[in-house]
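Q: Before I ask anything, here is the structure I am working with.
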Amino acid sequence: MDLSGQLEALTANAAEVIPVPELESKLRTGRPLRVKLGLDPTAKDVTLGWAVVLRKLRQFQDLGHTAVLILGDFTAQIGDPSGKDETRPMLTKDEVDAHARQVLEQFDLIVSSDRLEIRRNSEWLESLGAAGLLEVSTHHTVARMLERNDFAERFAEGSAISVREFLYPLLQGYDSVAVEADVELGGTDQHFNLLVGRHLQRVYGQEPQVVMEMPLLEGTDGVQKMSQSLGNYIAITEPAEDMFGKLMRVPDRLMEKYFRLATDLSDEAIADALAQPPQEAKRRLAESVVRLYHGERAGLDSRAHFDRVFKDHELPEQIDDVTIPAHAVKDGRIDVPSLLKALGFASSSSDARRLIDQGGVRLDGAPVEANVIGADEVRGKILRVGKRHFARLL
RNA sequence: GGGGGGAUACCCAAGUGGCCAACGGGGCCUGGCUGUAAACCAGGUGGCUCAGCCUUCGCAGGUUCAAAUCCUGCUCCCCCCA
């Protein structure tokens, strides 16, 4: 691909590229660029939000550049004593390794293993030492730190900011120095930290990295950014049907954003989809995303499943057979709360009782009205709890 | 080092001796409506052998017929001044 083609393709979805001319001149050298991406080893899943950045990284790889993944094992081991919650336990090396392995495995679905370099920041941060840390921190002022929005806000409202949090951006920035990054990717929430990298590289006599920020994808609640701690995320490893269902629950107004950031559809295909009635547009969205991570077939199948169960209100094509556990049977009658709990359809038997009271438990479509019912009223029937849980009772 | 404030269920937050399994909001769950949603409406949201019982309000003791609320000690957190 020629220079302007590369530039255009790479910057296409980016929220911000600082500065574009530097990216252009780096590309012009023709050498493979080192594209850095930091990885938080505390997370367990790769979300569609994270995938936005990962897919950008993949794009760089496809154009012949080198992906440099940095595991933040050092910082994870320090733990974070700040915040109102009880002190977060420090992660041991083993825990970091376990997380890293899990996450990297998922990365495989997006990032190519060619032109990939994986580093741990303990490699250089461990030996940096107190003196080195002081040296790094010399080049930033408190005023500058307070420029960062979240710090400024928290400071203004009088809530706590730990010194460690101040140091964090410096360490992340130092990573860029250590790996001699040409480009660093991140979400727009990383703005400040990414710029610290530029600054430090200059201090250490390197050519500063280009910062490329990708838009943040809102989660399924449609408001807050997709995050694992908020529980509003869709993981790329999620079963196809669940993934499809969650995507259908994304608010309409976010459809275009999801199309652009989470699918590989062309502008034309996106425009065409959005010209459809909303429910059809959203089906295409869900199908496209599922296809990306589970393959063509799964995309079609999960769409069919969704239509069948939620649109036409029919039973799923496949329902697991379940034998009623002995402890849910008393004197030949079925204790429904025990049954729901045993099947994992209710978190406790109290929860199960509530579901029954509220009409959320059905047998062959008829609401269950008592906690204890005769075994003959149950056997061979389809149990449905809420919208999503089904089982055929034997 | 000094002063002040705080710790309540998933989160925020009310409650200062009995009417407290604990107001209100968010989130979440169920039902209704629908396009699957959003918006909206209704209900629910500690556990259990469930019209009753058991365990919760930072931790440990104590006072009382009775404590989230009072007393003592402890732990942790935040802010301000130096």
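Residues in the structure tokens are numbered from 1 in each chain, the chains being A, B, ... in the order shown, and ligands are numbered from 1 in the order shown.
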Using only C-alpha atoms (C1' of nucleotides), what does the table of chain A residues within 6 Å of chain B look like, with each row giving the shortest atom pair and its distance in Å to one decimal, sorted by chain and ascending number, as JSON lines?
A:
```
{"residue": "A:Met248", "atom": "CA", "partner": "B:U36", "partner_atom": "C1'", "distance": 5.6}
{"residue": "A:Arg249", "atom": "CA", "partner": "B:A37", "partner_atom": "C1'", "distance": 5.1}
{"residue": "A:Pro251", "atom": "CA", "partner": "B:A38", "partner_atom": "C1'", "distance": 5.8}
{"residue": "A:Gln279", "atom": "CA", "partner": "B:G35", "partner_atom": "C1'", "distance": 5.4}
{"residue": "A:Gln358", "atom": "CA", "partner": "B:U30", "partner_atom": "C1'", "distance": 5.7}
{"residue": "A:Gly360", "atom": "CA", "partner": "B:U30", "partner_atom": "C1'", "distance": 5.7}
```
Q: Check the DSSP output for the backbone and give back, as a ChimeraX atom specification, the residues of region 60-218 of chain A in helix (DSSP H, G or I).
A: /A:60-62,73-78,93-107,122-138,142-145,149-156,163-179,188-203
Q: In Å, with one decimal, what is the gap from CA of Gly186 (chain A) to CA of Lys246 (chain A)?
A: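 For CA of Gly186 (chain A) relative to CA of Lys246 (chain A), the distance reads 24.7 Å.
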Q: Please list as JSON, numbers by chain every residue within 6 Å of region 105-115 of chain A, counting only C-alpha atoms (C1' of nucleotides) and excluding residues in the same chain fewer than 2 positions away.
A: {"A": [58, 66, 102, 103]}
Q: Once you have the residues from the selection above, write them out as a PDB file, in the first residue's frame, restricted to C-alpha atoms.
A:
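Writing the result to again_25.pdb gives the following:
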```
ATOM      1  CA  ARG A  58      -3.510  -5.711  13.896  1.00  0.00           C
ATOM      2  CA  THR A  66       5.793  -4.502  14.614  1.00  0.00           C
ATOM      3  CA  GLN A 102      -5.409 -15.885  29.547  1.00  0.00           C
ATOM      4  CA  VAL A 103      -5.534 -12.477  27.937  1.00  0.00           C
TER       5      VAL A 103
END
```
